[in-house]
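Shown here: run.pdb, PDB, C-alpha atoms.
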ATOM      1  CA  MET D   1       0.000   0.000   0.000  1.00  0.00           C
ATOM      2  CA  LYS D   2       1.562   3.260  -1.141  1.00  0.00           C
ATOM      3  CA  GLU D   3       1.329   6.139   1.287  1.00  0.00           C
ATOM      4  CA  HIS D   4       1.207   9.803   0.308  1.00  0.00           C
ATOM      5  CA  HIS D   5       4.198  11.736   1.629  1.00  0.00           C
ATOM      6  CA  HIS D   6       3.996  15.498   1.501  1.00  0.00           C
ATOM      7  CA  HIS D   7       6.758  18.096   1.897  1.00  0.00           C
ATOM      8  CA  HIS D   8       9.650  15.711   2.567  1.00  0.00           C
ATOM      9  CA  GLU D   9      10.303  12.070   3.334  1.00  0.00           C
ATOM     10  CA  GLU D  10      10.316  11.116   6.998  1.00  0.00           C
ATOM     11  CA  LYS D  11      10.403   7.723   8.626  1.00  0.00           C
ATOM     12  CA  LEU D  12       6.911   6.609   9.565  1.00  0.00           C
ATOM     13  CA  VAL D  13       6.354   4.859  12.880  1.00  0.00           C
ATOM     14  CA  LYS D  14       3.536   2.330  13.035  1.00  0.00           C
ATOM     15  CA  ILE D  15       1.248   2.853  16.032  1.00  0.00           C
ATOM     16  CA  SER D  16      -2.227   1.769  17.021  1.00  0.00           C
ATOM     17  CA  VAL D  17      -4.825   4.518  17.469  1.00  0.00           C
ATOM     18  CA  SER D  18      -8.415   4.279  18.659  1.00  0.00           C
ATOM     19  CA  ILE D  19     -10.852   6.729  17.099  1.00  0.00           C
ATOM     20  CA  GLU D  20     -14.625   6.992  16.943  1.00  0.00           C
ATOM     21  CA  GLU D  21     -16.443   5.126  14.167  1.00  0.00           C
ATOM     22  CA  ASP D  22     -17.864   8.317  12.687  1.00  0.00           C
ATOM     23  CA  GLN D  23     -14.398   9.877  12.619  1.00  0.00           C
ATOM     24  CA  LEU D  24     -13.040   6.860  10.745  1.00  0.00           C
ATOM     25  CA  ALA D  25     -15.895   7.014   8.239  1.00  0.00           C
ATOM     26  CA  LEU D  26     -15.221  10.713   7.618  1.00  0.00           C
ATOM     27  CA  LEU D  27     -11.471  10.140   7.253  1.00  0.00           C
ATOM     28  CA  LYS D  28     -12.143   7.405   4.678  1.00  0.00           C
ATOM     29  CA  GLU D  29     -14.470   9.763   2.818  1.00  0.00           C
ATOM     30  CA  LEU D  30     -11.881  12.555   2.855  1.00  0.00           C
ATOM     31  CA  ALA D  31      -9.115  10.190   1.709  1.00  0.00           C
ATOM     32  CA  SER D  32     -11.298   9.189  -1.227  1.00  0.00           C
ATOM     33  CA  GLU D  33     -12.041  12.846  -2.066  1.00  0.00           C
ATOM     34  CA  TYR D  34      -8.347  13.795  -1.876  1.00  0.00           C
ATOM     35  CA  THR D  35      -7.410  10.815  -4.053  1.00  0.00           C
ATOM     36  CA  GLU D  36      -9.957  11.815  -6.688  1.00  0.00           C
ATOM     37  CA  ARG D  37      -9.147  15.527  -6.568  1.00  0.00           C
ATOM     38  CA  LEU D  38      -5.349  15.230  -6.480  1.00  0.00           C
ATOM     39  CA  GLY D  39      -4.874  12.140  -8.639  1.00  0.00           C
ATOM     40  CA  GLN D  40      -2.657  10.429  -6.067  1.00  0.00           C
ATOM     41  CA  ARG D  41      -3.765   7.817  -3.532  1.00  0.00           C
ATOM     42  CA  TRP D  42      -4.452   9.132  -0.043  1.00  0.00           C
ATOM     43  CA  SER D  43      -4.937   6.645   2.808  1.00  0.00           C
ATOM     44  CA  VAL D  44      -6.631   7.067   6.169  1.00  0.00           C
ATOM     45  CA  SER D  45      -3.126   6.999   7.660  1.00  0.00           C
ATOM     46  CA  ALA D  46      -2.114   9.943   5.468  1.00  0.00           C
ATOM     47  CA  MET D  47      -5.268  11.845   6.467  1.00  0.00           C
ATOM     48  CA  ILE D  48      -4.484  11.280  10.160  1.00  0.00           C
ATOM     49  CA  ARG D  49      -0.907  12.541   9.644  1.00  0.00           C
ATOM     50  CA  LEU D  50      -2.309  15.611   7.874  1.00  0.00           C
ATOM     51  CA  ALA D  51      -4.748  16.269  10.742  1.00  0.00           C
ATOM     52  CA  VAL D  52      -2.091  15.782  13.437  1.00  0.00           C
ATOM     53  CA  GLY D  53       0.308  18.050  11.540  1.00  0.00           C
ATOM     54  CA  ASP D  54      -2.362  20.754  11.331  1.00  0.00           C
ATOM     55  CA  PHE D  55      -3.106  20.419  15.040  1.00  0.00           C
ATOM     56  CA  LEU D  56       0.588  20.649  15.978  1.00  0.00           C
ATOM     57  CA  ALA D  57       1.071  23.675  13.729  1.00  0.00           C
ATOM     58  CA  ARG D  58      -1.900  25.452  15.336  1.00  0.00           C
ATOM     59  CA  GLN D  59      -0.370  24.720  18.747  1.00  0.00           C
ATOM     60  CA  GLY D  60       2.896  26.339  17.616  1.00  0.00           C
ATOM     61  CA  LYS D  61       4.804  23.054  17.965  1.00  0.00           C
ATOM     62  CA  ILE D  62       5.833  22.756  14.299  1.00  0.00           C
ATOM     63  CA  ALA D  63       6.143  25.205  11.430  1.00  0.00           C
TER      64      ALA D  63
END
Target encoding structure tokens, full file:
Amino acid sequence: MKEHHHHHEEKLVKISVSIEEDQLALLKELASEYTERLGQRWSVSAMIRLAVGDFLARQGKIA
């Protein structure tokens, strides 16, 4: 399964995360929309990384 990497390549660490069913359904929907719109496969994992990155940026933890 090919993952979408944005900006630059970083080593990914596999973890287990528990989220609500409705959140998972929405992330799957968004991944599908991004894949269609951008012409490159987006996974739920990539969507979670995008969301976490946005959260950390808003907290001033990353640029």
Selection dump of the PyMOL selection byres ((chain D and resi 6-20) around 12), as a VMD selection string: chain D and resid 3 to 5 21 to 27 40 42 44 to 50 53 63
Taking all atoms of segment 6-24 of chain D that the file lists and extending 3 Å past them on each side, where is the centre of the axis-aligned box and how long are its edges? Answer in Å to one decimal, as JSON.
{"center_x": -3.7, "center_y": 9.9, "center_z": 10.1, "size_x": 34.3, "size_y": 22.3, "size_z": 23.2}
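For the pair atom CA of Thr35 of chain D and atom CA of Ala57 of chain D, the separation is 23.5 Å.
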Between atom CA of Ala51 of chain D and atom CA of Ala31 of chain D - distance in Å to one decimal: 11.7 Å
Atomic separation - atom CA of Glu29 of chain D relative to atom CA of Ser43 of chain D, Å: 10.0 Å
File output for chain D (C-alpha atoms) as a PDB file, in the first residue's frame:
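Produced file decode-v4.pdb, reproduced below:
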ATOM      1  CA  MET D   1       0.000   0.000   0.000  1.00  0.00           C
ATOM      2  CA  LYS D   2       1.562   3.260  -1.141  1.00  0.00           C
ATOM      3  CA  GLU D   3       1.329   6.139   1.287  1.00  0.00           C
ATOM      4  CA  HIS D   4       1.207   9.803   0.308  1.00  0.00           C
ATOM      5  CA  HIS D   5       4.198  11.736   1.629  1.00  0.00           C
ATOM      6  CA  HIS D   6       3.996  15.498   1.501  1.00  0.00           C
ATOM      7  CA  HIS D   7       6.758  18.096   1.897  1.00  0.00           C
ATOM      8  CA  HIS D   8       9.650  15.711   2.567  1.00  0.00           C
ATOM      9  CA  GLU D   9      10.303  12.070   3.334  1.00  0.00           C
ATOM     10  CA  GLU D  10      10.316  11.116   6.998  1.00  0.00           C
ATOM     11  CA  LYS D  11      10.403   7.723   8.626  1.00  0.00           C
ATOM     12  CA  LEU D  12       6.911   6.609   9.565  1.00  0.00           C
ATOM     13  CA  VAL D  13       6.354   4.859  12.880  1.00  0.00           C
ATOM     14  CA  LYS D  14       3.536   2.330  13.035  1.00  0.00           C
ATOM     15  CA  ILE D  15       1.248   2.853  16.032  1.00  0.00           C
ATOM     16  CA  SER D  16      -2.227   1.769  17.021  1.00  0.00           C
ATOM     17  CA  VAL D  17      -4.825   4.518  17.469  1.00  0.00           C
ATOM     18  CA  SER D  18      -8.415   4.279  18.659  1.00  0.00           C
ATOM     19  CA  ILE D  19     -10.852   6.729  17.099  1.00  0.00           C
ATOM     20  CA  GLU D  20     -14.625   6.992  16.943  1.00  0.00           C
ATOM     21  CA  GLU D  21     -16.443   5.126  14.167  1.00  0.00           C
ATOM     22  CA  ASP D  22     -17.864   8.317  12.687  1.00  0.00           C
ATOM     23  CA  GLN D  23     -14.398   9.877  12.619  1.00  0.00           C
ATOM     24  CA  LEU D  24     -13.040   6.860  10.745  1.00  0.00           C
ATOM     25  CA  ALA D  25     -15.895   7.014   8.239  1.00  0.00           C
ATOM     26  CA  LEU D  26     -15.221  10.713   7.618  1.00  0.00           C
ATOM     27  CA  LEU D  27     -11.471  10.140   7.253  1.00  0.00           C
ATOM     28  CA  LYS D  28     -12.143   7.405   4.678  1.00  0.00           C
ATOM     29  CA  GLU D  29     -14.470   9.763   2.818  1.00  0.00           C
ATOM     30  CA  LEU D  30     -11.881  12.555   2.855  1.00  0.00           C
ATOM     31  CA  ALA D  31      -9.115  10.190   1.709  1.00  0.00           C
ATOM     32  CA  SER D  32     -11.298   9.189  -1.227  1.00  0.00           C
ATOM     33  CA  GLU D  33     -12.041  12.846  -2.066  1.00  0.00           C
ATOM     34  CA  TYR D  34      -8.347  13.795  -1.876  1.00  0.00           C
ATOM     35  CA  THR D  35      -7.410  10.815  -4.053  1.00  0.00           C
ATOM     36  CA  GLU D  36      -9.957  11.815  -6.688  1.00  0.00           C
ATOM     37  CA  ARG D  37      -9.147  15.527  -6.568  1.00  0.00           C
ATOM     38  CA  LEU D  38      -5.349  15.230  -6.480  1.00  0.00           C
ATOM     39  CA  GLY D  39      -4.874  12.140  -8.639  1.00  0.00           C
ATOM     40  CA  GLN D  40      -2.657  10.429  -6.067  1.00  0.00           C
ATOM     41  CA  ARG D  41      -3.765   7.817  -3.532  1.00  0.00           C
ATOM     42  CA  TRP D  42      -4.452   9.132  -0.043  1.00  0.00           C
ATOM     43  CA  SER D  43      -4.937   6.645   2.808  1.00  0.00           C
ATOM     44  CA  VAL D  44      -6.631   7.067   6.169  1.00  0.00           C
ATOM     45  CA  SER D  45      -3.126   6.999   7.660  1.00  0.00           C
ATOM     46  CA  ALA D  46      -2.114   9.943   5.468  1.00  0.00           C
ATOM     47  CA  MET D  47      -5.268  11.845   6.467  1.00  0.00           C
ATOM     48  CA  ILE D  48      -4.484  11.280  10.160  1.00  0.00           C
ATOM     49  CA  ARG D  49      -0.907  12.541   9.644  1.00  0.00           C
ATOM     50  CA  LEU D  50      -2.309  15.611   7.874  1.00  0.00           C
ATOM     51  CA  ALA D  51      -4.748  16.269  10.742  1.00  0.00           C
ATOM     52  CA  VAL D  52      -2.091  15.782  13.437  1.00  0.00           C
ATOM     53  CA  GLY D  53       0.308  18.050  11.540  1.00  0.00           C
ATOM     54  CA  ASP D  54      -2.362  20.754  11.331  1.00  0.00           C
ATOM     55  CA  PHE D  55      -3.106  20.419  15.040  1.00  0.00           C
ATOM     56  CA  LEU D  56       0.588  20.649  15.978  1.00  0.00           C
ATOM     57  CA  ALA D  57       1.071  23.675  13.729  1.00  0.00           C
ATOM     58  CA  ARG D  58      -1.900  25.452  15.336  1.00  0.00           C
ATOM     59  CA  GLN D  59      -0.370  24.720  18.747  1.00  0.00           C
ATOM     60  CA  GLY D  60       2.896  26.339  17.616  1.00  0.00           C
ATOM     61  CA  LYS D  61       4.804  23.054  17.965  1.00  0.00           C
ATOM     62  CA  ILE D  62       5.833  22.756  14.299  1.00  0.00           C
ATOM     63  CA  ALA D  63       6.143  25.205  11.430  1.00  0.00           C
TER      64      ALA D  63
END
